[in-house]
Each structure stands twice: as C-alpha cells, then as structure tokens.
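Structure first, then comments.
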Amino acid sequence: MSSRIFGSGIRRREDPRLITGSATYTHDIVLPGMAHAAMLRSSHAHARITRIDTEKARVAPGVVAVYTGADIEGGLQPMPCAWLLPDSELKVAPYPCIARDVVRYTGDIVAVVVAETPYQAQDALDLIEVHYDPLPTVIDPEQAAGADAPKLHAKDINGEDIPGNQAFHWVVAGGGDVDAAFSEAAANGVVIKERILQQRLIPNAMEPRGAVAQYNRATGELTLWNTTQNPHIVRFLCSVVTGVPEDKLRVIAPEVGGGFGSKIAAYPADFITVFCSKTLGRPVKWIETRSENYQATTHGRDHVQDVELAATKDGKITGLRCTVHAGMGAYLSTAAPGIPTILHGLMLSGCYTIPALKEDVYGVYTNGVPVEAYRGAGRPEATFMLERLIDMLAGELDMDPADVRRKNFIPKFDDGHEVVTTLNYDSGDYPGALEKLLEHTGYQALREKQKAGPSNGRRLGLGLSSYVEICGLGPSQVAGAIGFQGGLWESAIVRFHPTGKVHVFIGASPHGQGEETTFAQIVAAEIGVDAGDVKIFHGDTDSTPMGWGTYGSRTTAVGGAALALAVRKIRDKAKVLAAHLLEASVEDMDYEDGKFFVKGSPDKAKTIQDIALMANVAWNMPEGMEAGLEATTFYDPPNFVFPYGAHLAVVEVDTNTGHVELTGYTALDDCGPQINPTIVEGQVHGGIVQGVGQALWEGAAYDESGQLVTGSMLDYALPRADGLPNLDVISTVTRSPHHPLGVKGIGEAGTIASTAAVYNAVMDALRPLGVKRVDMPFTPERVWRAIQEAKGS
Amino acid sequence: MFAADFEYYRAGSVAEAGQLLAAHPGAKLLAGGHSLIPLLKLRLAAPAAVIDIGRIAELRGISTDGDGLRIGALATHAEIAASDAVREHAAALAEAAGQIGDPAVRNRGTIGGNVAHADPASDLPTVLAALGATVTVAGSGGERSIAVGDFFTGVMTTSLGENDLLTSIRVPSAAGRGTAYVKFSHPASRYAVIGVAVSLGIGTKGGGWISKIKGEQKETVCTEAAVAVGGLVPTPVRCGAVEAALNDQPPTAETFAAAAAAASGDIGDDLLGDVFASGEYRKAVAPVYVRRAIEAAAGRAG
C-alpha cells in the first residue's frame, strides 16, 4: 500500500463545484412540460377530517389537478415500516400517504395541488377548504403512554388494538441479576438515579427535501430525482408504494446537501409526486420550503429516560437499569423502530465493564413529526445516559470523574471483546484514549484553576465523555435477525479504461462526506494510479450496483472495503497478465506501487496502465483469460466496527444571567487508519458542533395543541461559529482487526460524544451551587432558574 | 419564497411615494426588505401593493447637522456601523447597528425600515430612545418631527399615519459623553432579548464659591445620564429611576450597581416573553445588562 496517498489530507474534489454553485441539486432539475406540486398540510395536530372542498382550488389559475386521500386510494399503498423489530410486540399503525379520515400531526398531508408554476400551486392551497373536528393531542412520549392519553390510532395494520399508543416494547438484559445488584448497592453501596430528557431535534440539512418525477407513458418508465441518502432503498420502497416495477424505476440522488439521517426515510410527499406524474403523464416537481422541512421532515431523539446506576462505595459500577419512553411521532418512519433500540440499547454498557444491565424501551406514538435517525441515532442517547450517571457517581463519592472512568473501563483489547449486551467490540483502548486526552489538555491544571473559584460570577466547568460507538452497519445476517427489512452489504465496480483511467461505481450514496475523494485515494493506494485518474460514480440506480446507502457511518467502513477488495481482484488479474507479458510465472512476480515485475528486476516492469491497455485491446492475453480489466465486489462485513474516544469540554457559566459559554473543546477520536485526515477532522468538527447544539441551543418545542412553536430558524437555534471555541482535534490509531483497510467510521463520533461532554461540563460548573439537574438545551433562563432554586433550597 | 400576489411600484421621489401611498390604501413600503419580505414570504402580510422606495436618493446619506446627525431613512445598518460621524456623535448607535443580524442583513437592512417596523426586539429604537432622537416624517400635511418617545406606540405599531413616509432620523450629538449598547441576543434570530443603551457624562460637582465656604471638595460625578431598555417590553423604555440614581453620583461600581437595580421599576410589568426566555426572567436579569451598559458607557466618557 502506498504511503503517499492513503493518509494524505488532500483537498476534497467535491468542493469546487459546491462552493462555486455549479452543483446540480434536485431543485436544479428542470424538464420540458414540468408541473409543480405543493402539499396541503394539516394545521391541526390531531383532528378528524369532516369534509374537504377542493372546488375553488381546482378552477384556480394554472391548477392542473388536486388530489385528496380519496383520490389516491388504490394508486398509492400506505408507507411501509422497514425495521420490524422482533420480540417487541411491534404494532405498525397504518401510514397513508395522504390522510383521509384523521390527521395526526401538524404537517400530515391532506391534499396535493399540481399547477403550472409553484406560485400557482401555493396560491391554490389557500383555496382548499378542510373542515376539521379537533381531537385531543399529546406530544410527550411518557404522557402518550398513559391510560388517559388520547388514542392516535384505532388499529394497527393487522387490525389489532394499540393500547397506550405503544408501538413496541423492547427489552435488553444481560449479565447477572440486575435487581440483586441494585439491592446490594442500596444496602452497601450507592444508587444514582436520574431522569434525562433527550429533547426533539430538527436535523436542518442545508438543502431541504424534494423530488422530481418523470413518467413516460409510452414506456411505463419512471425516473425519480430525490434528495435521499439511499437511492436504492427509495427505488425498492417506491416500487412497493407506487406500483412502478423496480426494473422500470430509476432513482437518482443528484447532489444532496446533507441529510444527518433525515434523508434516510422514504416520505409520502416523494411518492405523491410520483403518483402525480404517473397520473398526469408529465414531469412534476415538489420542493419543500424550510418551514415545511421543520414541520414534516423527520426529527431526532425525543427520549424520556429514567436511569439508575448501582455501584460500590469505591466507585465500581455493579448495575445499570433504565426505562426509556421514545417518542415515535404520529407514524413509524422507515427505520424508526431500530433507532432507540438496536442502535441505543445494545450500546448501553459503553466503554465499561458493567456486570448486569437491563433496559425497557417503549416506543410510543405521539402527535409530533415522525422521529427517525439523526446523526448518532440512538448512540448519543446511550452515551449521554452513561456518561451523565458516571459524573453523578463521581459527585456522590467525591471522586474525580476521570477516576471513576478509570475504575470501570474495559481494558485494552485488539481482537474482539464481548460485552454484556452480546455485541463483540472489535478493538479499543479506552483507558489509553482518556489518559492521552487528559495529558494533552492539562486536565489537572484546569482542575487547579477551577479550585481558585469564580471570577465576576463566572464559574469554570469541565466535562468528560468517553465513548464507544457501533457503526459500519453491518453484517446482513444480523440485519435479518434484528428485523431490518434489507441487507447491509455494499458493492463496488472498478473499471479500467485503455489509458489506465478508472471509473468506480458504488452502491453507497455520499452526500457531503467526501467519499469521491477518499474512495479515489483507496484506489490509488491499492493499485498505484494517480487519485486524479479515478472517478467515483454514485447516486443513480441505473448506473451503480445495488447498495444500502449512506448512514450509520457505514460508507467508508463497508463501501470502502468493497472497493478495496474489488481493486485487489484487479491487482490479482493484472499480475497474471503481467507475468504472461514478461514470460514469467505468476509465483515469481512482485508488485509495488503500480508496477508488476519479476522479483529482482523492477526495471523491467509492466505498469498498471500497460496492463489496462493490453487487457482492453486483448491482443496478447493468457489462455482462458477474459478481456477487460474490471471487477465487482459485494462486501458483507463480518462484524460492525467500533470507533471510540474521549472528549473534554470546558465551559464558563455566568451565574448572574445563566449564560453558558463553551470556552474550550478537545476531541480525541480513534477511527483506525485515516484515509484523509483533513476529511476526518471535518467530520469530527461537524459532529461535535451538532452535539453541542443539542446541549446548548437546539430543541423542537410544541405547544399544548401540538403546534410547532420553533417553526423556523428565527426560533430554532442552530449552532453558529461565534458560539464555539476553536476545536482541538487529536487522534489515536487502532486498526479494526476484521476490516480489509483496518478503518472504522467517523461521521457520527463527534455528536455521540459531545452532548454529554458539554452537559457534564455545565453541571460541573454548577455543582458547588447545589444545582442537580437542568433540562437541555441549557438556555440562560433554565440555568438561571436552576441556580435560583438551588439558592432557595 | 411564495408570497401572495401584489402590485409592485417603484417611487422615484418622496413626493411620488406619497402619491402612490395615497392611491393604494394598505400598500406597504419596501426599503431594504428585511422586515417586510419575511412577512410576505410567510404570508403573514399580503398587501395589495408594495411601493419600493429603495432608490430614492434624497432618503440616503448620513451627515452632521448642527449639533447632531441626520441619518437618511435608507442608511443601511452597515453604513451606520462604519460611519465616522456616527461613531463620533453616537457611538452606541454604530455599536448596535454592527450587531444586527449578519453581514447580509446589515448590508440590506435600513434604519428607516427598522424603526418604522417597530419590532420590540429591534436594537436601534432602544439606542435612539436613549439618545433622544427625533423622527422626520413626510405626510400628506407636509413634513413633521416626532420625538422617539412619542413614535413607538406598541408592539409593531407607531404614530405613523397611513400615508406617512419616514424620511430621516435626527440624533443629537453625544460627543463628550460615553455611549454604549449592550445586548442579550436571541441565539436563533439574533434579535434583542434584552437591549440596553446608555449615554453618560462624567463631570464635576462642587468647587464653586459656595462649596468653598462650605468646605466641600470638588467631586467627580455622573451627568446627563440617559438609559433605555428594549426587547422585553413593547416599546423602548427610558429608565428615569436609573438615570436619577446616576446623576450627581460618583462613577463607582457601587453607584452603577445601585442604579442598575432601579431598572426593574422602570421596566414595569408589561413584559414580552417567548419559549426561549420568559418575561419574568428577562426582567430579573435586565439589571445585569443595565449595569454592564452603564460600565461600558462610563468607560468611554470624558
């Protein structure tokens, strides 16, 4: 493997087109005869529709068609849920593309207007009269599970009742008798209890969602341009919902401006757009506004967590017990049931040896936007629980939080370690990561500075977060066992052209992660071509092989492995061809940096470009060898990968006003060998910032009637550069033992660690004042009130 | 953006704008667009006509005028923030203008539009209240001046009539005094949750012949204190009790803290609040920002 290109922080080839505005997004697709759709969304969070009058809209200027729930009957099947969690009493509620009888969140689609211009479509929306009979609403997932809560769904898709709005009840238990551990701790040790609210978050991709559908009546073929993280899954689900057969359906994810999980799911509006194009026989475009994005594109988190930790008096953890009410929103989105369960509960023991644990997760229907994966997806919520409770334990025992972690870490391992939840972590050195972080940041000196006390009412706080996360999803056999209705392998086709230039076709669908650059680096490193000679194709189901998409930090971990193995196949073939051309036996051949030669004679080498030319013209091939230099690989990983690290947040809290300032942040992450350290650093930066956002600023708020109060960027506070310190990013390198390149994912690590680090730092600053808990985000008012209440008590 | 349909007119002069306003009842004036266009976008405003005054030359410019500033209605926040004249005569105004929104907003948004929109969370009205500015208005009856204290009448309401056009703002010079604007920004909108503007002189008291007879020492004291608070109340509020607690008192930390504490009474109980910060909280911490603004102004005085 060449050392020059693998590990080099070369610039992202994606950036020139992105920063000069010459990229093509879904909204840039303009087709002859194209009409424009606009969705009429429910203004009520929960109501019965008594009548819809579309007459005025139908005759409005430019209007081509208006469809309601009744009109799509038979044309659009209900939205499928694609993560059917086993052993969980899963109750999938019917999820119609257009609500017919009842609306269940503000944003539920009631009708669609198709018009000649987007303005006419929008104007006509105002002319549709919908008569609603309002029903009681519930937003809080714990309240929604209560006996008196309004009932969202009469029956599930199998005609069964859904008591307590409960979509599922999933349990993870492992190790010894957890109840006995708590009895023992209550008698002779310590028990820490906490209620944690993981508030709803709005993902806020730079590009809102949209779709352009083009149906050809003559051929029956349909092309769908769609803002998605996984076009192949969209093709699969679109075929099921719209009835366009998969062979006649082409899904293209053009440039996609971020997703963070919100573009994994299949959405009714996209398939309604397909329906409109199919029905009208003309191309139809639908692009959501930012307000619509807030109101109807999936949200993240929304957990009410009741957590208990049992420990000995010297700080050794003996048990963990939790109950989580996870808000699912009004319907189960595509992958939703797996997020607060598989991706959350199985990571509960984190970096630590926990002898016994149990978690009950209740997935609950509420009158909110459906909740889905959001950067980290279940893992930030698990890391937070554990890291918060560990800091509370440290406080209770008057120990340094670092010491409690040291006492409970899993020792260093490099080839597998089975934890209490039955996962087999691949490799890690959690104590090493923390020690390096503490040394790098001068942690002891910061603690000394803290002892000097507040200055002008500003209190210093330090927050640690040690994490390990599960990504690189994942072995398909496991996917099947946990109810994921798809595979989790990836594929790559590598094709050499006569001049030695390379085309790579991948099934994954990067949308901001930089894999056009890093994948070219993989090819360059594996076979000695220039990275600039490698072009990566993705995002078009007609030209790329099947793949399961870009999410869960899996594209490099799984797709990158597929690619490396495909290039290695090419190298093997090239070696045979080179041996033939050099009239040597294959066993005598050597390879180095793009050159094939007889051992000891590197000066008489055949370059990979020589081989590519010969393979393509095929004038002189070994007997039986096929022409061409091309390879395809389907890579199904043997296990997940488990990146890890330790983060430190430093905050100052102004106790006069409650303002929190993040004054320092250091992240140590280990994602194995880094293909492109600049891109890794960028991913870590973005990840940290999104996690900090949850701790300090972000939170989707609904009022009592279920209206989204934080309905725009005027109210929903996103992180901004001026609210952040310089982020200090360092790393260690631990190879994954089972991965062809040794690499692990890095897209979500920052988010998984940073919310807990910042939370712990703020609570560390407030602890001397007697403040016990504050709900996120730490708005100045919440912090100030907590200080006042502590003063009063 | 999917605004409802409207007629668009561009006025070439103040007079023409007046005629267009008279001819189109309910029309909205468009200057920098940073208040009106968001309302149009969300269809919270759907005027039949929009009159663009953005290219009227006579509404532009910042000049010194006798003992103060004349700021044209179309002066942008960026122009105000960068103006040497404003920095010299009304530093707090430049300071506040430089904190509005982001560079794109500051390059388009105008002082006239900002003031006429009368958003209680806006920054400039608070500063203008502290500086004792007057608003010049062209209406059907000719030109008239309105003191800022009489201009803002409630949340997004002013004493402007249907056919009035705000043409300029006159700001008396505060040169020699220290002025400052301190803001608690909403983390999303960057509007003021609390905004405090202070103008403060530092002078002397005593030292005259009567004092000498009395044996009194010449003493450094705060003078001409003017303090206004915005953001948490429907219109900018002048804080008379704070001002009274500053004037004639030595410029010490104790004076500033005691004066700032008096702000609660000045602010009253007609409080604005939202999901981010309740009125009660805003009022409770407002004195902290008042104190900081006084300290900043005092540091620049003299």
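Letters A, B, ... go to the chains of the structure tokens in the order shown; residues in each chain start at 1; ligands are counted from 1 in the same order.
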
Name all residues at most 10 Å from region 655-664 of chain A (count only C-alpha atoms; drop same-chain ones fewer than 2 positions away) and give them as a PyMOL selection string.
(chain A and resi 441+454+456-462+648-653+666+692+696+723-728+758+761-762+765-766+769+778-788) or (chain B and resi 184+281-282+284-289)

Residue subset to file, keeping N, CA and C atoms, as a tab-separated table (two decimals), in the first residue's frame:
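Final file, out.tsv:
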```
chain	number	residue	atom	x	y	z
A	441	THR	N	-4.65	17.95	27.36
A	441	THR	CA	-5.41	19.16	27.73
A	441	THR	C	-4.92	19.78	29.03
A	454	PRO	N	-14.91	31.22	41.42
A	454	PRO	CA	-15.47	32.01	40.32
A	454	PRO	C	-14.85	33.39	40.22
A	456	ASN	N	-15.95	37.20	38.75
A	456	ASN	CA	-17.08	38.01	38.25
A	456	ASN	C	-18.34	37.18	38.06
A	457	GLY	N	-18.54	36.22	38.90
A	457	GLY	CA	-19.74	35.39	38.78
A	457	GLY	C	-19.64	34.32	37.71
A	458	ARG	N	-18.48	34.21	37.07
A	458	ARG	CA	-18.31	33.18	36.04
A	458	ARG	C	-17.64	31.95	36.66
A	459	ARG	N	-18.28	30.81	36.48
A	459	ARG	CA	-17.77	29.57	37.05
A	459	ARG	C	-17.26	28.65	35.94
A	460	LEU	N	-16.11	28.05	36.19
A	460	LEU	CA	-15.49	27.14	35.23
A	460	LEU	C	-16.04	25.73	35.45
A	461	GLY	N	-16.27	25.01	34.38
A	461	GLY	CA	-16.71	23.62	34.47
A	461	GLY	C	-15.99	22.76	33.46
A	462	LEU	N	-15.69	21.54	33.85
A	462	LEU	CA	-15.01	20.59	32.95
A	462	LEU	C	-15.92	19.38	32.76
A	648	LEU	N	-13.21	16.30	25.97
A	648	LEU	CA	-13.26	17.20	27.13
A	648	LEU	C	-13.84	18.54	26.69
A	649	ALA	N	-14.89	18.95	27.39
A	649	ALA	CA	-15.46	20.28	27.16
A	649	ALA	C	-15.13	21.17	28.35
A	650	VAL	N	-14.82	22.42	28.06
A	650	VAL	CA	-14.57	23.41	29.11
A	650	VAL	C	-15.59	24.54	28.92
A	651	VAL	N	-16.31	24.85	29.98
A	651	VAL	CA	-17.32	25.91	29.88
A	651	VAL	C	-17.12	26.94	30.98
A	652	GLU	N	-17.66	28.11	30.73
A	652	GLU	CA	-17.81	29.09	31.80
A	652	GLU	C	-19.28	29.45	31.87
A	653	VAL	N	-19.81	29.40	33.08
A	653	VAL	CA	-21.22	29.74	33.28
A	653	VAL	C	-21.29	31.06	34.01
A	666	THR	N	-11.77	19.72	23.36
A	666	THR	CA	-10.76	18.83	22.78
A	666	THR	C	-11.38	17.46	22.56
A	692	VAL	N	-23.04	19.69	20.41
A	692	VAL	CA	-23.05	20.89	21.25
A	692	VAL	C	-24.40	21.60	21.09
A	696	LEU	N	-26.69	22.97	24.13
A	696	LEU	CA	-26.79	24.41	24.43
A	696	LEU	C	-27.95	25.15	23.76
A	723	GLY	N	-20.39	31.05	18.47
A	723	GLY	CA	-20.69	30.48	19.78
A	723	GLY	C	-19.78	29.33	20.14
A	724	LEU	N	-18.76	29.12	19.32
A	724	LEU	CA	-17.90	27.95	19.51
A	724	LEU	C	-16.44	28.35	19.65
A	725	PRO	N	-15.71	27.59	20.45
A	725	PRO	CA	-14.27	27.84	20.55
A	725	PRO	C	-13.56	27.15	19.39
A	726	ASN	N	-12.26	27.34	19.27
A	726	ASN	CA	-11.51	26.51	18.33
A	726	ASN	C	-11.58	25.08	18.81
A	727	LEU	N	-11.87	24.16	17.91
A	727	LEU	CA	-11.99	22.76	18.30
A	727	LEU	C	-10.63	22.11	18.13
A	728	ASP	N	-10.17	21.50	19.19
A	728	ASP	CA	-8.86	20.87	19.20
A	728	ASP	C	-9.10	19.38	18.93
A	758	VAL	N	-20.45	18.37	27.04
A	758	VAL	CA	-20.85	19.74	27.35
A	758	VAL	C	-21.81	19.75	28.55
A	761	ALA	N	-19.92	19.31	31.67
A	761	ALA	CA	-19.13	20.50	32.00
A	761	ALA	C	-20.00	21.55	32.68
A	762	VAL	N	-21.20	21.77	32.14
A	762	VAL	CA	-22.07	22.79	32.73
A	762	VAL	C	-22.47	22.36	34.15
A	765	ALA	N	-19.75	22.93	36.57
A	765	ALA	CA	-19.63	24.33	36.99
A	765	ALA	C	-20.68	24.68	38.04
A	766	LEU	N	-21.86	24.07	37.90
A	766	LEU	CA	-22.98	24.44	38.78
A	766	LEU	C	-23.02	23.63	40.07
A	769	LEU	N	-22.91	25.05	43.54
A	769	LEU	CA	-24.08	25.85	43.91
A	769	LEU	C	-25.25	24.98	44.34
A	778	PHE	N	-29.46	24.03	27.46
A	778	PHE	CA	-29.15	24.93	28.58
A	778	PHE	C	-29.43	26.37	28.16
A	779	THR	N	-30.70	26.74	28.10
A	779	THR	CA	-30.97	28.15	27.82
A	779	THR	C	-30.58	28.94	29.05
A	780	PRO	N	-30.21	30.21	28.87
A	780	PRO	CA	-29.83	31.01	30.04
A	780	PRO	C	-30.91	30.98	31.13
A	781	GLU	N	-32.17	31.03	30.69
A	781	GLU	CA	-33.23	31.04	31.70
A	781	GLU	C	-33.24	29.76	32.52
A	782	ARG	N	-33.10	28.61	31.87
A	782	ARG	CA	-33.12	27.35	32.62
A	782	ARG	C	-31.98	27.29	33.63
A	783	VAL	N	-30.79	27.73	33.19
A	783	VAL	CA	-29.64	27.69	34.08
A	783	VAL	C	-29.84	28.66	35.24
A	784	TRP	N	-30.30	29.85	34.91
A	784	TRP	CA	-30.52	30.88	35.93
A	784	TRP	C	-31.57	30.41	36.95
A	785	ARG	N	-32.65	29.82	36.46
A	785	ARG	CA	-33.69	29.34	37.37
A	785	ARG	C	-33.16	28.22	38.28
A	786	ALA	N	-32.36	27.34	37.69
A	786	ALA	CA	-31.81	26.25	38.49
A	786	ALA	C	-30.93	26.81	39.60
A	787	ILE	N	-30.19	27.86	39.28
A	787	ILE	CA	-29.34	28.49	40.30
A	787	ILE	C	-30.21	29.13	41.39
A	788	GLN	N	-31.27	29.82	40.97
A	788	GLN	CA	-32.16	30.46	41.96
A	788	GLN	C	-32.81	29.42	42.87
B	184	PHE	N	-28.36	41.22	24.86
B	184	PHE	CA	-28.51	39.78	25.08
B	184	PHE	C	-29.27	39.29	23.85
B	281	TYR	N	-38.11	36.17	33.63
B	281	TYR	CA	-36.64	36.00	33.62
B	281	TYR	C	-35.95	37.23	33.03
B	282	ARG	N	-36.50	37.70	31.93
B	282	ARG	CA	-35.88	38.86	31.28
B	282	ARG	C	-35.80	40.04	32.24
B	284	ALA	N	-35.82	39.90	35.48
B	284	ALA	CA	-34.94	39.61	36.62
B	284	ALA	C	-33.47	39.84	36.28
B	285	VAL	N	-33.09	39.53	35.05
B	285	VAL	CA	-31.66	39.69	34.73
B	285	VAL	C	-31.37	41.02	34.01
B	286	ALA	N	-32.40	41.77	33.65
B	286	ALA	CA	-32.18	43.04	32.94
B	286	ALA	C	-31.20	43.95	33.69
B	287	PRO	N	-31.30	44.06	35.04
B	287	PRO	CA	-30.35	44.95	35.73
B	287	PRO	C	-28.88	44.58	35.50
B	288	VAL	N	-28.61	43.31	35.27
B	288	VAL	CA	-27.21	42.90	34.99
B	288	VAL	C	-26.74	43.58	33.70
B	289	TYR	N	-27.61	43.57	32.70
B	289	TYR	CA	-27.23	44.17	31.41
B	289	TYR	C	-27.21	45.71	31.52
```

Could you tell me which residues of chain B sit within 8 Å of chain A when counting only C-alpha atoms, and give me the result as a count of residues only?
13

Just give me the gap between CA of Leu166 (chain B) and CA of Gly113 (chain B) in Å, one decimal is fine.
8.4 Å

Find the distance between CA of Leu160 (chain B) and CA of Gly240 (chain B) and write it in Å to one decimal.
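Straight-line distance from CA of Leu160 (chain B) to CA of Gly240 (chain B) works out to 25.8 Å.
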
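Excluding Val115 (chain B) itself and same-chain residues fewer than 6 positions from it, the residues having an atom within 10 Å of it are Ala73, Ser122, Asp123, Leu124, Pro125, Thr126, Leu128, Val135, Val148, Phe151, Phe152, Met156, Thr158, Leu166 and Ile169 of chain B, counting only C-alpha atoms.
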
Need the shell around region 95-108 of chain B: protein/DNA/RNA residues with any atom at most 6 Å away, counting only C-alpha atoms. Skip same-chain ones fewer than 4 positions apart. Format as a list of chain:residue names?
B:Gly32, B:His77, B:Ala78, B:Ala81, B:Tyr181, B:Arg190

Emit the selected residues as an mmCIF file, in the first residue's frame, including C-alpha atoms.
```cif
data_model
loop_
_atom_site.group_PDB
_atom_site.id
_atom_site.type_symbol
_atom_site.label_atom_id
_atom_site.label_comp_id
_atom_site.auth_asym_id
_atom_site.auth_seq_id
_atom_site.Cartn_x
_atom_site.Cartn_y
_atom_site.Cartn_z
ATOM 1 C CA GLY B 32 -34.147 47.044 2.478
ATOM 2 C CA HIS B 77 -27.005 49.163 9.236
ATOM 3 C CA ALA B 78 -23.582 48.519 7.703
ATOM 4 C CA ALA B 81 -21.823 50.864 11.836
ATOM 5 C CA TYR B 181 -25.233 49.414 23.716
ATOM 6 C CA ARG B 190 -30.126 37.468 16.936
#
```

Give me, as number ranges by chain, all polymer residues having an atom no more than 9 Å from Asp593 (chain A), counting only C-alpha atoms and skipping those fewer than 2 positions away in the same chain.
A: 1-2, 525-529, 591, 595-596, 607

At what distance in Å, to one decimal, does CA of Ala116 (chain B) lie from CA of Ala241 (chain B)?
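Value for the CA of Ala241 (chain B)-CA of Ala116 (chain B) distance: 27.9 Å.
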
Residue list (alpha helix (DSSP H), DSSP) for region 68-226 of chain B, as a ChimeraX atom specification:
/B:77-82,84-89,91-97,103-108,111-117,124-131,148-151,209-214

In region 295-433 of chain A, DSSP strand (DSSP E or B) residues written as a JSON list (two decimals) with C-alpha atoms, in the first residue's frame:
```json
[["chain", "number", "residue", "atom", "x", "y", "z"],
["A", 299, "HIS", "CA", -36.96, 14.84, 13.77],
["A", 300, "GLY", "CA", -34.45, 13.13, 16.04],
["A", 301, "ARG", "CA", -34.06, 11.96, 19.69],
["A", 302, "ASP", "CA", -37.21, 12.55, 21.86],
["A", 303, "HIS", "CA", -36.48, 10.22, 24.76],
["A", 304, "VAL", "CA", -37.68, 10.37, 28.32],
["A", 305, "GLN", "CA", -35.04, 8.33, 30.12],
["A", 306, "ASP", "CA", -35.22, 7.08, 33.69],
["A", 307, "VAL", "CA", -31.81, 5.72, 34.54],
["A", 308, "GLU", "CA", -30.35, 4.06, 37.63],
["A", 309, "LEU", "CA", -26.77, 3.12, 38.27],
["A", 310, "ALA", "CA", -25.62, 0.81, 41.06],
["A", 311, "ALA", "CA", -22.06, 0.98, 42.33],
["A", 317, "ILE", "CA", -20.24, 0.01, 38.71],
["A", 318, "THR", "CA", -22.33, -3.07, 39.52],
["A", 319, "GLY", "CA", -25.52, -2.49, 37.57],
["A", 320, "LEU", "CA", -27.46, -0.28, 35.16],
["A", 321, "ARG", "CA", -31.24, -0.21, 34.90],
["A", 322, "CYS", "CA", -33.27, 2.07, 32.64],
["A", 323, "THR", "CA", -36.68, 2.74, 31.25],
["A", 324, "VAL", "CA", -36.98, 4.81, 28.11],
["A", 325, "HIS", "CA", -40.09, 6.26, 26.56],
["A", 326, "ALA", "CA", -39.12, 7.04, 22.99],
["A", 327, "GLY", "CA", -41.44, 9.31, 21.03],
["A", 328, "MET", "CA", -42.01, 7.91, 17.54],
["A", 329, "GLY", "CA", -44.24, 10.72, 16.34],
["A", 352, "TYR", "CA", -17.17, -0.04, 30.67],
["A", 356, "ALA", "CA", -25.58, -6.54, 34.92],
["A", 357, "LEU", "CA", -27.93, -4.31, 32.99],
["A", 358, "LYS", "CA", -31.48, -4.10, 31.81],
["A", 359, "GLU", "CA", -33.35, -1.58, 29.72],
["A", 360, "ASP", "CA", -37.01, -1.36, 28.79],
["A", 361, "VAL", "CA", -37.68, 0.79, 25.75],
["A", 362, "TYR", "CA", -41.25, 1.81, 25.00],
["A", 363, "GLY", "CA", -41.77, 3.23, 21.52],
["A", 364, "VAL", "CA", -44.81, 5.50, 21.70],
["A", 365, "TYR", "CA", -46.98, 7.20, 19.09],
["A", 371, "VAL", "CA", -38.89, 10.63, 14.70],
["A", 409, "PHE", "CA", -13.03, 0.83, 31.73],
["A", 413, "PHE", "CA", -8.04, -5.26, 23.57],
["A", 417, "HIS", "CA", -14.21, -8.26, 23.30],
["A", 418, "GLU", "CA", -17.72, -9.45, 24.07],
["A", 424, "ASN", "CA", -18.45, -8.17, 20.12],
["A", 425, "TYR", "CA", -16.44, -4.91, 20.04],
["A", 428, "GLY", "CA", -10.18, -0.45, 21.57]]
```

Excluding region 37-51 of chain B and its own-chain neighbours fewer than 3 positions away, which residues fall within 7 Å of it when counting only C-alpha atoms? Please give them as a PyMOL selection string.
chain B and resi 1-4+6-11+24+26-30+33-34

What's around His27 (chain A) at 10 Å? Count only C-alpha atoms, leave out sequence neighbours fewer than 2 positions away in its own chain, and write the answer as a ChimeraX atom specification.
/A:24-25,29-30,207-212,225-227,254-255,285-288

Output for the residues just chosen: N, CA and C atoms as a CSV table (one decimal), in the first residue's frame:
```
chain,number,residue,atom,x,y,z
A,24,THR,N,-25.4,20.3,-9.1
A,24,THR,CA,-26.8,20.1,-9.5
A,24,THR,C,-27.6,19.4,-8.4
A,25,TYR,N,-28.5,20.1,-7.8
A,25,TYR,CA,-29.3,19.5,-6.8
A,25,TYR,C,-30.7,19.2,-7.4
A,29,ILE,N,-33.2,20.5,-11.3
A,29,ILE,CA,-33.7,19.7,-12.4
A,29,ILE,C,-34.9,20.4,-13.0
A,30,VAL,N,-34.8,20.7,-14.2
A,30,VAL,CA,-35.9,21.4,-14.9
A,30,VAL,C,-36.2,20.6,-16.2
A,207,GLU,N,-29.8,21.6,2.5
A,207,GLU,CA,-30.8,21.5,1.4
A,207,GLU,C,-32.0,20.9,1.9
A,208,PRO,N,-33.2,21.5,1.8
A,208,PRO,CA,-34.4,20.9,2.2
A,208,PRO,C,-34.7,19.7,1.2
A,209,ARG,N,-35.8,19.0,1.5
A,209,ARG,CA,-36.1,17.8,0.7
A,209,ARG,C,-36.9,18.2,-0.6
A,210,GLY,N,-36.9,17.2,-1.5
A,210,GLY,CA,-37.6,17.5,-2.7
A,210,GLY,C,-37.6,16.3,-3.6
A,211,ALA,N,-38.4,16.3,-4.7
A,211,ALA,CA,-38.5,15.2,-5.6
A,211,ALA,C,-38.9,15.8,-7.0
A,212,VAL,N,-38.4,15.2,-8.1
A,212,VAL,CA,-38.9,15.4,-9.4
A,212,VAL,C,-39.1,14.1,-10.0
A,225,TRP,N,-35.9,11.9,-9.4
A,225,TRP,CA,-34.7,12.6,-8.8
A,225,TRP,C,-35.2,12.9,-7.3
A,226,ASN,N,-34.3,12.6,-6.4
A,226,ASN,CA,-34.8,12.6,-5.0
A,226,ASN,C,-33.6,13.0,-4.1
A,227,THR,N,-33.9,13.8,-3.1
A,227,THR,CA,-32.9,14.2,-2.1
A,227,THR,C,-32.9,13.0,-1.1
A,254,PRO,N,-29.2,13.3,-7.0
A,254,PRO,CA,-28.2,14.2,-7.5
A,254,PRO,C,-27.3,14.7,-6.4
A,255,GLU,N,-26.8,15.9,-6.5
A,255,GLU,CA,-26.1,16.4,-5.4
A,255,GLU,C,-27.1,16.5,-4.2
A,285,LYS,N,-42.6,18.4,-10.2
A,285,LYS,CA,-41.5,18.7,-9.2
A,285,LYS,C,-42.2,19.2,-7.9
A,286,TRP,N,-41.7,18.6,-6.8
A,286,TRP,CA,-42.1,19.1,-5.5
A,286,TRP,C,-40.8,19.4,-4.7
A,287,ILE,N,-40.7,20.6,-4.2
A,287,ILE,CA,-39.6,21.0,-3.3
A,287,ILE,C,-40.2,21.7,-2.0
A,288,GLU,N,-39.8,21.2,-0.9
A,288,GLU,CA,-40.3,21.7,0.3
A,288,GLU,C,-39.7,23.0,0.7
```
